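Below is one structure; the comments refer to it alone.
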Amino acid sequence: MIRSMVNCREFFPEGTTSTSSDWSLRYCVYVSGEHVELAKAELEAVCRLLIYDIDITWYGRLAVLDCTANPLGFILERAALVQEGGIVLGEAPSPDLLVDTISEEVFRQHVPGKKTFAIRPQALEGGLPRNERVGVETELGKHIQGLLGLEVSLDNPAALLRVFIHPKTTIICDSEPSVLRRLLRGREPGRKPFFHPSMMNATLSRVMCNLAGVSDGGTVLDPFCGGAGILCEAALLGARVVGVDSQWKMLVGARVNLSQVEADYLLVQGDARSCPVIACDALVTDPPYGRASSTRGLHSLDLITGLVRNLDSIVRQRGESTCICGSQKMGLSEVIREAGFTIGREIGIRVHSGLVREVVTVVL
Ligand SMILES: C[S@@+](CC[C@H](N)C(=O)[O-])C[C@H]1O[C@@H](n2cnc3c(N)ncnc32)[C@H](O)[C@@H]1O
């Protein structure tokens, strides 16, 4: 028998808009160093969600974005592994040439009304030794003070100017830190009203939703939903969420957590191997592994094999719309390939010495 819980409140969050006046500008985004490959994949996936094309050039952990509208608001609100982003104010092949690219007009337009500033250099891929970075900071600081009459404030600057120094380029930008990263820390499983050790953490949940292209108003399924770590993040992105779990007590916990984020949800007790839900827009999940979650004596791989067999009917949206995370020992990718699907991304992330997780996207 299938038991279910439902809360069908209509939920139409506002879309993010971009300005069109910044058409000639470039933007830079600096991603976290924790899981660099995952962070890059997440940013690329988030950029694909925008309606306009973005060309991305990577300099180590720095992405320089060429596009016709300002994507920073959307990216900083959405991407869990982005640390900061800003408008490119000047760019030169090497740090000593940067001063010549700094124009008063560009600064006045994009750092308007600010009276104090600080410069924070950041070497990328061995861009410049530490002692030389201090020289760059001093020289640029003097130049900007003279040009714009701003005062240096190291403790509380109104404008934080970041200088990214890579062997191939040097870029100065007015940087804005990510607020989302702090919000995600406040949404970790231990801070939710219902907690279970098997729950997916908020940061990885958000990254996986981004990799699967979870969109505002779309339907997202987690067929091993547990306490709804993933579904809470999907709901906060504006998706309608559907959770399946074999254990009623986990669904009861999921309901508590989903209610807290005011999600539009449907929870169904069932077996992911014969998934009672079809035609979703995206699937984001982590099957049980390790001691934290129960498999009722079944092998995790069999659970995934059973689920993946029906993936075509469970997910209706074509493209990279499925993201699964498992222990690397499980061999997720092989199961997916054997079922005849194409892998989009296959990224290993080290959790601790005994556990390497694998995040895999499937192209339908
Ligand atoms: C790792 S936890 C899931 C965590 C969850 N995805 C989240 O975002 O917090 C795995 C869940 O799979 C459930 N489970 C185990 N066997 C299952 C099956 N055959 N069908 C559906 N759910 C199952 C367990 O009850 C457990 O809640």
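Chain labels run A, B, ... following the order of the structure tokens; each chain numbers its residues from 1, and ligands are numbered from 1 in the order shown.
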
What lies within 8 Å of Gly126 of chain A using only C-alpha atoms, ignoring chain neighbours under 2 positions off, as a tab-separated table (two decimals) with C-alpha atoms, in the first residue's frame?
```tsv
chain	number	residue	atom	x	y	z
A	123	ALA	CA	47.55	34.71	-6.39
A	124	LEU	CA	46.09	32.04	-8.68
A	128	LEU	CA	53.05	35.96	-7.89
A	129	PRO	CA	55.22	35.40	-4.78
A	166	HIS	CA	47.48	34.58	-12.59
A	167	PRO	CA	50.55	33.79	-14.73
```

Residues of segment 105-177 of chain A that have any atom at most 10 Å from an atom of segment 27-44 of chain A: could you tabulate them with the shortest-distance atom pair and the distance in Å to one decimal, using only C-alpha atoms, ordered by chain and increasing number, as JSON lines?
```
{"residue": "A:Phe164", "atom": "CA", "partner": "A:Tyr30", "partner_atom": "CA", "distance": 9.3}
{"residue": "A:Ile171", "atom": "CA", "partner": "A:Cys28", "partner_atom": "CA", "distance": 8.7}
{"residue": "A:Ile172", "atom": "CA", "partner": "A:Cys28", "partner_atom": "CA", "distance": 9.3}
{"residue": "A:Cys173", "atom": "CA", "partner": "A:Cys28", "partner_atom": "CA", "distance": 7.4}
{"residue": "A:Asp174", "atom": "CA", "partner": "A:Cys28", "partner_atom": "CA", "distance": 9.4}
{"residue": "A:Ser175", "atom": "CA", "partner": "A:Cys28", "partner_atom": "CA", "distance": 8.6}
{"residue": "A:Glu176", "atom": "CA", "partner": "A:Val29", "partner_atom": "CA", "distance": 9.5}
{"residue": "A:Pro177", "atom": "CA", "partner": "A:Tyr30", "partner_atom": "CA", "distance": 9.5}
```

Taking only C-alpha atoms and all ligand atoms into account, produce a table as JSON lines in which each residue of chain A with an atom at most 7 Å from an atom of ligand 1 appears once, together with its shortest atom pair and the distance in Å to one decimal, ordered by chain and rising number.
```
{"residue": "A:Ser198", "atom": "CA", "partner": "ligand 1", "partner_atom_place_in_ligand_line": "1 (C)", "distance": 4.7}
{"residue": "A:Met199", "atom": "CA", "partner": "ligand 1", "partner_atom_place_in_ligand_line": "9 (O)", "distance": 3.3}
{"residue": "A:Met200", "atom": "CA", "partner": "ligand 1", "partner_atom_place_in_ligand_line": "9 (O)", "distance": 3.9}
{"residue": "A:Ser205", "atom": "CA", "partner": "ligand 1", "partner_atom_place_in_ligand_line": "8 (O)", "distance": 6.8}
{"residue": "A:Asp222", "atom": "CA", "partner": "ligand 1", "partner_atom_place_in_ligand_line": "6 (N)", "distance": 6.3}
{"residue": "A:Pro223", "atom": "CA", "partner": "ligand 1", "partner_atom_place_in_ligand_line": "21 (C)", "distance": 5.8}
{"residue": "A:Phe224", "atom": "CA", "partner": "ligand 1", "partner_atom_place_in_ligand_line": "12 (O)", "distance": 4.0}
{"residue": "A:Cys225", "atom": "CA", "partner": "ligand 1", "partner_atom_place_in_ligand_line": "6 (N)", "distance": 4.1}
{"residue": "A:Gly226", "atom": "CA", "partner": "ligand 1", "partner_atom_place_in_ligand_line": "27 (O)", "distance": 3.3}
{"residue": "A:Gly227", "atom": "CA", "partner": "ligand 1", "partner_atom_place_in_ligand_line": "9 (O)", "distance": 4.8}
{"residue": "A:Ala228", "atom": "CA", "partner": "ligand 1", "partner_atom_place_in_ligand_line": "9 (O)", "distance": 4.5}
{"residue": "A:Gly229", "atom": "CA", "partner": "ligand 1", "partner_atom_place_in_ligand_line": "8 (O)", "distance": 3.6}
{"residue": "A:Ile230", "atom": "CA", "partner": "ligand 1", "partner_atom_place_in_ligand_line": "8 (O)", "distance": 3.8}
{"residue": "A:Leu231", "atom": "CA", "partner": "ligand 1", "partner_atom_place_in_ligand_line": "8 (O)", "distance": 6.2}
{"residue": "A:Val244", "atom": "CA", "partner": "ligand 1", "partner_atom_place_in_ligand_line": "21 (C)", "distance": 5.9}
{"residue": "A:Asp245", "atom": "CA", "partner": "ligand 1", "partner_atom_place_in_ligand_line": "22 (N)", "distance": 3.7}
{"residue": "A:Ser246", "atom": "CA", "partner": "ligand 1", "partner_atom_place_in_ligand_line": "22 (N)", "distance": 4.2}
{"residue": "A:Gln247", "atom": "CA", "partner": "ligand 1", "partner_atom_place_in_ligand_line": "25 (O)", "distance": 4.9}
{"residue": "A:Met250", "atom": "CA", "partner": "ligand 1", "partner_atom_place_in_ligand_line": "27 (O)", "distance": 5.7}
{"residue": "A:Gly270", "atom": "CA", "partner": "ligand 1", "partner_atom_place_in_ligand_line": "21 (C)", "distance": 5.9}
{"residue": "A:Asp271", "atom": "CA", "partner": "ligand 1", "partner_atom_place_in_ligand_line": "20 (N)", "distance": 3.6}
{"residue": "A:Ala272", "atom": "CA", "partner": "ligand 1", "partner_atom_place_in_ligand_line": "20 (N)", "distance": 3.9}
{"residue": "A:Arg273", "atom": "CA", "partner": "ligand 1", "partner_atom_place_in_ligand_line": "19 (N)", "distance": 6.1}
{"residue": "A:Thr285", "atom": "CA", "partner": "ligand 1", "partner_atom_place_in_ligand_line": "6 (N)", "distance": 5.1}
{"residue": "A:Asp286", "atom": "CA", "partner": "ligand 1", "partner_atom_place_in_ligand_line": "6 (N)", "distance": 4.9}
{"residue": "A:Pro287", "atom": "CA", "partner": "ligand 1", "partner_atom_place_in_ligand_line": "10 (C)", "distance": 4.9}
{"residue": "A:Pro288", "atom": "CA", "partner": "ligand 1", "partner_atom_place_in_ligand_line": "10 (C)", "distance": 3.8}
{"residue": "A:Tyr289", "atom": "CA", "partner": "ligand 1", "partner_atom_place_in_ligand_line": "1 (C)", "distance": 6.3}
{"residue": "A:Ser293", "atom": "CA", "partner": "ligand 1", "partner_atom_place_in_ligand_line": "26 (C)", "distance": 5.0}
{"residue": "A:Ser294", "atom": "CA", "partner": "ligand 1", "partner_atom_place_in_ligand_line": "24 (C)", "distance": 5.2}
{"residue": "A:Thr295", "atom": "CA", "partner": "ligand 1", "partner_atom_place_in_ligand_line": "16 (N)", "distance": 4.2}
{"residue": "A:Arg296", "atom": "CA", "partner": "ligand 1", "partner_atom_place_in_ligand_line": "16 (N)", "distance": 6.4}
{"residue": "A:Leu303", "atom": "CA", "partner": "ligand 1", "partner_atom_place_in_ligand_line": "19 (N)", "distance": 5.8}
```

Looking only at helix (DSSP H, G or I) from DSSP on the backbone, list the matching residues of segment 7-252 of chain A as an mmCIF file with N, CA and C atoms, in the first residue's frame.
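Resulting contents of states.cif:
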```
data_model
loop_
_atom_site.group_PDB
_atom_site.id
_atom_site.type_symbol
_atom_site.label_atom_id
_atom_site.label_comp_id
_atom_site.auth_asym_id
_atom_site.auth_seq_id
_atom_site.Cartn_x
_atom_site.Cartn_y
_atom_site.Cartn_z
ATOM 1 N N VAL A 36 37.342 21.851 -5.894
ATOM 2 C CA VAL A 36 37.443 22.786 -7.015
ATOM 3 C C VAL A 36 36.686 22.286 -8.251
ATOM 4 N N GLU A 37 36.846 21.004 -8.560
ATOM 5 C CA GLU A 37 36.184 20.483 -9.772
ATOM 6 C C GLU A 37 34.658 20.605 -9.649
ATOM 7 N N LEU A 38 34.174 20.291 -8.444
ATOM 8 C CA LEU A 38 32.728 20.377 -8.202
ATOM 9 C C LEU A 38 32.263 21.832 -8.294
ATOM 10 N N ALA A 39 33.065 22.734 -7.727
ATOM 11 C CA ALA A 39 32.710 24.162 -7.740
ATOM 12 C C ALA A 39 32.647 24.692 -9.172
ATOM 13 N N LYS A 40 33.598 24.259 -9.992
ATOM 14 C CA LYS A 40 33.600 24.722 -11.389
ATOM 15 C C LYS A 40 32.377 24.169 -12.126
ATOM 16 N N ALA A 41 32.104 22.893 -11.889
ATOM 17 C CA ALA A 41 30.942 22.273 -12.553
ATOM 18 C C ALA A 41 29.660 22.982 -12.127
ATOM 19 N N GLU A 42 29.573 23.335 -10.835
ATOM 20 C CA GLU A 42 28.360 24.003 -10.348
ATOM 21 C C GLU A 42 28.184 25.362 -11.024
ATOM 22 N N LEU A 43 29.282 26.139 -11.081
ATOM 23 C CA LEU A 43 29.162 27.466 -11.703
ATOM 24 C C LEU A 43 28.741 27.336 -13.170
ATOM 25 N N GLU A 44 29.345 26.381 -13.878
ATOM 26 C CA GLU A 44 28.985 26.214 -15.296
ATOM 27 C C GLU A 44 27.510 25.837 -15.437
ATOM 28 N N ALA A 45 27.034 24.976 -14.518
ATOM 29 C CA ALA A 45 25.618 24.566 -14.579
ATOM 30 C C ALA A 45 24.705 25.756 -14.289
ATOM 31 N N VAL A 46 25.067 26.580 -13.314
ATOM 32 C CA VAL A 46 24.245 27.751 -12.967
ATOM 33 C C VAL A 46 24.216 28.730 -14.145
ATOM 34 N N CYS A 47 25.359 28.908 -14.799
ATOM 35 C CA CYS A 47 25.404 29.827 -15.948
ATOM 36 C C CYS A 47 24.508 29.327 -17.081
ATOM 37 N N ARG A 48 24.409 28.004 -17.225
ATOM 38 C CA ARG A 48 23.553 27.455 -18.299
ATOM 39 C C ARG A 48 22.077 27.755 -18.053
ATOM 40 N N LEU A 72 25.716 38.418 -11.876
ATOM 41 C CA LEU A 72 26.277 38.222 -10.534
ATOM 42 C C LEU A 72 25.219 37.969 -9.464
ATOM 43 N N GLY A 73 24.114 38.724 -9.513
ATOM 44 C CA GLY A 73 23.063 38.549 -8.504
ATOM 45 C C GLY A 73 22.558 37.111 -8.512
ATOM 46 N N PHE A 74 22.277 36.609 -9.697
ATOM 47 C CA PHE A 74 21.756 35.242 -9.848
ATOM 48 C C PHE A 74 22.775 34.223 -9.341
ATOM 49 N N ILE A 75 24.024 34.394 -9.744
ATOM 50 C CA ILE A 75 25.065 33.422 -9.379
ATOM 51 C C ILE A 75 25.302 33.432 -7.868
ATOM 52 N N LEU A 76 25.410 34.624 -7.290
ATOM 53 C CA LEU A 76 25.706 34.695 -5.849
ATOM 54 C C LEU A 76 24.547 34.166 -5.007
ATOM 55 N N GLU A 77 23.331 34.286 -5.513
ATOM 56 C CA GLU A 77 22.168 33.767 -4.779
ATOM 57 C C GLU A 77 22.036 32.268 -4.900
ATOM 58 N N ARG A 78 22.592 31.708 -5.963
ATOM 59 C CA ARG A 78 22.288 30.328 -6.316
ATOM 60 C C ARG A 78 23.403 29.315 -6.076
ATOM 61 N N PRO A 95 50.882 42.127 -13.436
ATOM 62 C CA PRO A 95 50.507 43.084 -12.390
ATOM 63 C C PRO A 95 51.069 44.483 -12.614
ATOM 64 N N ASP A 96 52.314 44.604 -13.136
ATOM 65 C CA ASP A 96 52.911 45.936 -13.288
ATOM 66 C C ASP A 96 52.182 46.775 -14.351
ATOM 67 N N LEU A 97 51.430 46.124 -15.236
ATOM 68 C CA LEU A 97 50.713 46.881 -16.278
ATOM 69 C C LEU A 97 49.275 47.232 -15.872
ATOM 70 N N LEU A 98 48.856 46.732 -14.702
ATOM 71 C CA LEU A 98 47.447 46.897 -14.314
ATOM 72 C C LEU A 98 47.073 48.370 -14.097
ATOM 73 N N VAL A 99 47.990 49.118 -13.485
ATOM 74 C CA VAL A 99 47.713 50.525 -13.179
ATOM 75 C C VAL A 99 47.254 51.281 -14.430
ATOM 76 N N ASP A 100 47.895 50.987 -15.570
ATOM 77 C CA ASP A 100 47.557 51.699 -16.810
ATOM 78 C C ASP A 100 46.144 51.399 -17.298
ATOM 79 N N THR A 101 45.568 50.277 -16.863
ATOM 80 C CA THR A 101 44.227 49.919 -17.366
ATOM 81 C C THR A 101 43.117 50.520 -16.498
ATOM 82 N N GLU A 104 39.417 56.245 -14.481
ATOM 83 C CA GLU A 104 38.594 56.955 -13.496
ATOM 84 C C GLU A 104 37.110 56.781 -13.812
ATOM 85 N N GLU A 105 36.791 56.821 -15.113
ATOM 86 C CA GLU A 105 35.387 56.728 -15.548
ATOM 87 C C GLU A 105 34.765 55.389 -15.113
ATOM 88 N N VAL A 106 35.519 54.305 -15.378
ATOM 89 C CA VAL A 106 34.996 52.977 -15.023
ATOM 90 C C VAL A 106 34.808 52.876 -13.513
ATOM 91 N N PHE A 107 35.781 53.369 -12.753
ATOM 92 C CA PHE A 107 35.661 53.301 -11.298
ATOM 93 C C PHE A 107 34.481 54.126 -10.793
ATOM 94 N N ARG A 108 34.347 55.327 -11.306
ATOM 95 C CA ARG A 108 33.253 56.193 -10.825
ATOM 96 C C ARG A 108 31.896 55.564 -11.143
ATOM 97 N N GLN A 109 31.834 54.860 -12.307
ATOM 98 C CA GLN A 109 30.558 54.246 -12.696
ATOM 99 C C GLN A 109 30.233 53.018 -11.845
ATOM 100 N N HIS A 110 31.255 52.207 -11.542
ATOM 101 C CA HIS A 110 30.956 50.917 -10.907
ATOM 102 C C HIS A 110 31.315 50.835 -9.436
ATOM 103 N N ARG A 130 54.507 36.030 -2.551
ATOM 104 C CA ARG A 130 53.852 36.846 -1.529
ATOM 105 C C ARG A 130 54.456 38.256 -1.407
ATOM 106 N N ASN A 131 55.803 38.340 -1.385
ATOM 107 C CA ASN A 131 56.419 39.660 -1.189
ATOM 108 C C ASN A 131 56.113 40.600 -2.361
ATOM 109 N N GLU A 132 56.027 40.058 -3.562
ATOM 110 C CA GLU A 132 55.719 40.915 -4.721
ATOM 111 C C GLU A 132 54.250 41.347 -4.720
ATOM 112 N N ARG A 133 53.392 40.506 -4.129
ATOM 113 C CA ARG A 133 51.972 40.866 -4.040
ATOM 114 C C ARG A 133 51.788 42.126 -3.195
ATOM 115 N N VAL A 134 52.607 42.246 -2.131
ATOM 116 C CA VAL A 134 52.516 43.429 -1.268
ATOM 117 C C VAL A 134 52.866 44.674 -2.080
ATOM 118 N N GLY A 135 53.866 44.548 -2.961
ATOM 119 C CA GLY A 135 54.258 45.677 -3.816
ATOM 120 C C GLY A 135 53.105 46.100 -4.718
ATOM 121 N N VAL A 136 52.425 45.124 -5.293
ATOM 122 C CA VAL A 136 51.278 45.411 -6.178
ATOM 123 C C VAL A 136 50.209 46.160 -5.399
ATOM 124 N N GLU A 137 49.961 45.697 -4.187
ATOM 125 C CA GLU A 137 48.921 46.281 -3.332
ATOM 126 C C GLU A 137 49.245 47.754 -3.055
ATOM 127 N N THR A 138 50.513 48.016 -2.713
ATOM 128 C CA THR A 138 50.907 49.378 -2.364
ATOM 129 C C THR A 138 50.807 50.302 -3.581
ATOM 130 N N GLU A 139 51.340 49.853 -4.701
ATOM 131 C CA GLU A 139 51.358 50.703 -5.890
ATOM 132 C C GLU A 139 49.939 51.022 -6.378
ATOM 133 N N LEU A 140 49.112 49.967 -6.429
ATOM 134 C CA LEU A 140 47.727 50.169 -6.874
ATOM 135 C C LEU A 140 46.971 51.065 -5.913
ATOM 136 N N GLY A 141 47.192 50.839 -4.638
ATOM 137 C CA GLY A 141 46.527 51.627 -3.590
ATOM 138 C C GLY A 141 46.809 53.108 -3.792
ATOM 139 N N LYS A 142 48.083 53.429 -3.995
ATOM 140 C CA LYS A 142 48.465 54.849 -4.176
ATOM 141 C C LYS A 142 47.792 55.417 -5.421
ATOM 142 N N HIS A 143 47.798 54.610 -6.493
ATOM 143 C CA HIS A 143 47.221 55.077 -7.757
ATOM 144 C C HIS A 143 45.729 55.399 -7.590
ATOM 145 N N ILE A 144 45.009 54.482 -6.939
ATOM 146 C CA ILE A 144 43.552 54.671 -6.784
ATOM 147 C C ILE A 144 43.262 55.852 -5.853
ATOM 148 N N GLN A 145 44.074 55.994 -4.817
ATOM 149 C CA GLN A 145 43.908 57.143 -3.903
ATOM 150 C C GLN A 145 44.056 58.445 -4.678
ATOM 151 N N GLY A 146 45.115 58.500 -5.514
ATOM 152 C CA GLY A 146 45.393 59.724 -6.277
ATOM 153 C C GLY A 146 44.314 59.991 -7.307
ATOM 154 N N LEU A 147 43.866 58.925 -7.976
ATOM 155 C CA LEU A 147 42.910 59.069 -9.081
ATOM 156 C C LEU A 147 41.523 59.462 -8.585
ATOM 157 N N LEU A 148 41.075 58.824 -7.489
ATOM 158 C CA LEU A 148 39.686 58.983 -7.071
ATOM 159 C C LEU A 148 39.517 59.693 -5.739
ATOM 160 N N LEU A 180 25.047 33.474 0.487
ATOM 161 C CA LEU A 180 24.436 32.138 0.492
ATOM 162 C C LEU A 180 25.231 31.156 1.355
ATOM 163 N N ARG A 181 26.554 31.256 1.322
ATOM 164 C CA ARG A 181 27.376 30.280 2.055
ATOM 165 C C ARG A 181 27.068 30.321 3.557
ATOM 166 N N ARG A 182 26.836 31.523 4.058
ATOM 167 C CA ARG A 182 26.488 31.651 5.491
ATOM 168 C C ARG A 182 25.078 31.081 5.728
ATOM 169 N N LEU A 183 24.169 31.369 4.814
ATOM 170 C CA LEU A 183 22.800 30.855 4.952
ATOM 171 C C LEU A 183 22.794 29.323 4.943
ATOM 172 N N LEU A 184 23.636 28.745 4.069
ATOM 173 C CA LEU A 184 23.687 27.285 3.976
ATOM 174 C C LEU A 184 24.193 26.669 5.281
ATOM 175 N N ARG A 185 25.159 27.336 5.907
ATOM 176 C CA ARG A 185 25.668 26.815 7.192
ATOM 177 C C ARG A 185 24.532 26.762 8.212
ATOM 178 N N PRO A 189 22.039 19.901 8.465
ATOM 179 C CA PRO A 189 21.089 18.982 9.095
ATOM 180 C C PRO A 189 20.915 19.177 10.604
ATOM 181 N N GLY A 190 22.003 19.412 11.334
ATOM 182 C CA GLY A 190 21.909 19.568 12.783
ATOM 183 C C GLY A 190 21.098 20.775 13.205
ATOM 184 N N ARG A 191 20.845 21.691 12.303
ATOM 185 C CA ARG A 191 20.087 22.908 12.638
ATOM 186 C C ARG A 191 18.638 22.824 12.172
ATOM 187 N N ALA A 202 23.434 20.699 3.546
ATOM 188 C CA ALA A 202 22.773 21.721 2.724
ATOM 189 C C ALA A 202 23.645 22.154 1.540
ATOM 190 N N THR A 203 24.957 22.264 1.763
ATOM 191 C CA THR A 203 25.821 22.750 0.681
ATOM 192 C C THR A 203 25.841 21.767 -0.483
ATOM 193 N N LEU A 204 26.082 20.494 -0.179
ATOM 194 C CA LEU A 204 26.123 19.518 -1.271
ATOM 195 C C LEU A 204 24.735 19.352 -1.902
ATOM 196 N N SER A 205 23.695 19.448 -1.092
ATOM 197 C CA SER A 205 22.329 19.374 -1.644
ATOM 198 C C SER A 205 22.126 20.472 -2.679
ATOM 199 N N ARG A 206 22.550 21.698 -2.326
ATOM 200 C CA ARG A 206 22.377 22.833 -3.232
ATOM 201 C C ARG A 206 23.196 22.629 -4.514
ATOM 202 N N VAL A 207 24.442 22.150 -4.339
ATOM 203 C CA VAL A 207 25.298 21.930 -5.514
ATOM 204 C C VAL A 207 24.638 20.906 -6.442
ATOM 205 N N MET A 208 24.128 19.820 -5.857
ATOM 206 C CA MET A 208 23.516 18.769 -6.689
ATOM 207 C C MET A 208 22.268 19.287 -7.410
ATOM 208 N N CYS A 209 21.476 20.103 -6.722
ATOM 209 C CA CYS A 209 20.289 20.682 -7.375
ATOM 210 C C CYS A 209 20.736 21.542 -8.560
ATOM 211 N N ASN A 210 21.796 22.301 -8.368
ATOM 212 C CA ASN A 210 22.293 23.139 -9.469
ATOM 213 C C ASN A 210 22.792 22.283 -10.623
ATOM 214 N N LEU A 211 23.515 21.201 -10.305
ATOM 215 C CA LEU A 211 24.037 20.336 -11.369
ATOM 216 C C LEU A 211 22.904 19.701 -12.179
ATOM 217 N N GLY A 229 16.973 16.604 3.219
ATOM 218 C CA GLY A 229 18.064 17.578 3.065
ATOM 219 C C GLY A 229 18.066 18.144 1.650
ATOM 220 N N ILE A 230 18.049 17.277 0.653
ATOM 221 C CA ILE A 230 18.079 17.718 -0.748
ATOM 222 C C ILE A 230 16.787 18.457 -1.098
ATOM 223 N N LEU A 231 15.664 17.892 -0.686
ATOM 224 C CA LEU A 231 14.379 18.486 -1.087
ATOM 225 C C LEU A 231 14.194 19.884 -0.504
ATOM 226 N N CYS A 232 14.736 20.127 0.700
ATOM 227 C CA CYS A 232 14.621 21.482 1.272
ATOM 228 C C CYS A 232 15.341 22.482 0.366
ATOM 229 N N GLU A 233 16.534 22.134 -0.105
ATOM 230 C CA GLU A 233 17.257 23.066 -0.991
ATOM 231 C C GLU A 233 16.522 23.237 -2.318
ATOM 232 N N ALA A 234 15.990 22.136 -2.858
ATOM 233 C CA ALA A 234 15.242 22.229 -4.124
ATOM 234 C C ALA A 234 14.027 23.144 -3.942
ATOM 235 N N ALA A 235 13.361 23.004 -2.800
ATOM 236 C CA ALA A 235 12.171 23.835 -2.538
ATOM 237 C C ALA A 235 12.567 25.302 -2.418
ATOM 238 N N LEU A 236 13.718 25.558 -1.792
ATOM 239 C CA LEU A 236 14.168 26.947 -1.647
ATOM 240 C C LEU A 236 14.551 27.557 -2.995
ATOM 241 N N TRP A 248 8.428 5.205 6.907
ATOM 242 C CA TRP A 248 7.439 6.224 7.257
ATOM 243 C C TRP A 248 8.025 7.247 8.228
ATOM 244 N N LYS A 249 8.856 6.760 9.182
ATOM 245 C CA LYS A 249 9.388 7.708 10.180
ATOM 246 C C LYS A 249 10.283 8.767 9.512
ATOM 247 N N MET A 250 10.958 8.401 8.413
ATOM 248 C CA MET A 250 11.770 9.398 7.715
ATOM 249 C C MET A 250 10.870 10.414 7.002
ATOM 250 N N LEU A 251 9.761 9.912 6.475
ATOM 251 C CA LEU A 251 8.821 10.823 5.801
ATOM 252 C C LEU A 251 8.191 11.803 6.793
ATOM 253 N N VAL A 252 7.950 11.323 8.004
ATOM 254 C CA VAL A 252 7.391 12.213 9.029
ATOM 255 C C VAL A 252 8.398 13.330 9.318
#
```

- Do you know which residues are at most 12 Å from Ala339 of chain A counting only C-alpha atoms, after dropping those on the same chain fewer than 6 positions away, and could you put them as an MDAnalysis selection string? chainID A and resid 304:312 332:333 362 364

- Message: For Arg350 of chain A, find every residue with an atom within 12 Å (counting only C-alpha atoms), except residues of its own chain fewer than 2 positions away, and show them as a PyMOL selection string.
- Response: chain A and resi 34-38+326-328+347-348+352-359

Any chance you could list, as an mmCIF file with C-alpha atoms, in the first residue's frame, the residues in segment 126-294 of chain A that come up strand (DSSP E) when DSSP is run on the backbone?
```
data_model
loop_
_atom_site.group_PDB
_atom_site.id
_atom_site.type_symbol
_atom_site.label_atom_id
_atom_site.label_comp_id
_atom_site.auth_asym_id
_atom_site.auth_seq_id
_atom_site.Cartn_x
_atom_site.Cartn_y
_atom_site.Cartn_z
ATOM 1 C CA GLU A 151 40.828 56.679 1.600
ATOM 2 C CA VAL A 152 42.314 53.298 2.473
ATOM 3 C CA ALA A 159 34.827 48.915 -1.645
ATOM 4 C CA LEU A 160 36.835 45.721 -1.472
ATOM 5 C CA LEU A 161 38.987 45.637 -4.573
ATOM 6 C CA ARG A 162 40.317 42.200 -5.342
ATOM 7 C CA VAL A 163 43.351 41.785 -7.554
ATOM 8 C CA PHE A 164 43.600 38.284 -8.997
ATOM 9 C CA ILE A 165 47.078 37.504 -10.232
ATOM 10 C CA HIS A 166 47.480 34.579 -12.591
ATOM 11 C CA THR A 169 46.491 37.685 -16.579
ATOM 12 C CA THR A 170 45.909 40.160 -13.743
ATOM 13 C CA ILE A 171 42.389 41.324 -12.991
ATOM 14 C CA ILE A 172 41.005 43.920 -10.602
ATOM 15 C CA CYS A 173 37.366 43.753 -9.561
ATOM 16 C CA ASP A 174 34.973 45.246 -7.035
ATOM 17 C CA SER A 175 34.157 42.106 -5.125
ATOM 18 C CA GLU A 176 30.988 41.075 -3.339
ATOM 19 C CA PRO A 177 31.125 38.078 -0.989
ATOM 20 C CA THR A 219 9.160 19.216 -10.116
ATOM 21 C CA VAL A 220 12.091 17.582 -8.346
ATOM 22 C CA LEU A 221 12.115 14.007 -7.071
ATOM 23 C CA ASP A 222 14.339 12.455 -4.421
ATOM 24 C CA ARG A 240 7.792 21.620 -6.256
ATOM 25 C CA VAL A 241 9.314 18.646 -4.491
ATOM 26 C CA VAL A 242 8.408 14.973 -4.346
ATOM 27 C CA GLY A 243 10.031 12.586 -1.883
ATOM 28 C CA VAL A 244 9.887 8.798 -1.759
ATOM 29 C CA ASP A 245 11.281 6.779 1.145
ATOM 30 C CA TYR A 265 5.664 19.024 -1.369
ATOM 31 C CA LEU A 266 4.377 15.501 -1.888
ATOM 32 C CA LEU A 267 5.811 12.651 0.190
ATOM 33 C CA VAL A 268 5.159 9.019 -0.691
ATOM 34 C CA GLN A 269 6.100 5.842 1.168
ATOM 35 C CA ALA A 282 14.697 16.563 -12.294
ATOM 36 C CA LEU A 283 15.912 13.809 -9.991
ATOM 37 C CA VAL A 284 18.417 14.548 -7.238
ATOM 38 C CA THR A 285 19.267 11.873 -4.701
#
```

Pick out the residues sitting within 6 Å of segment 314-316 of chain A, and hand them over as a JSON list (two decimals) with C-alpha atoms, in the first residue's frame; count only C-alpha atoms, and ignore anything fewer than 5 positions along from it in its own chain.
```
[["chain", "number", "residue", "atom", "x", "y", "z"],
["A", 278, "ILE", "CA", 6.97, 9.44, -12.89],
["A", 279, "ALA", "CA", 7.44, 12.43, -15.22],
["A", 280, "CYS", "CA", 9.45, 14.72, -12.93],
["A", 281, "ASP", "CA", 11.61, 17.52, -14.28],
["A", 282, "ALA", "CA", 14.70, 16.56, -12.29]]
```

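Counting only C-alpha atoms, the residue from A:Lys115, A:Leu81, A:Leu49, A:Ala92 that sits nearest to Asp216 of chain A is A:Leu49.
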
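If only C-alpha atoms are the atoms counted, then among A:Glu346, A:Glu84, A:Glu188, A:Glu338 the closest residue to Cys325 of chain A is A:Glu346.
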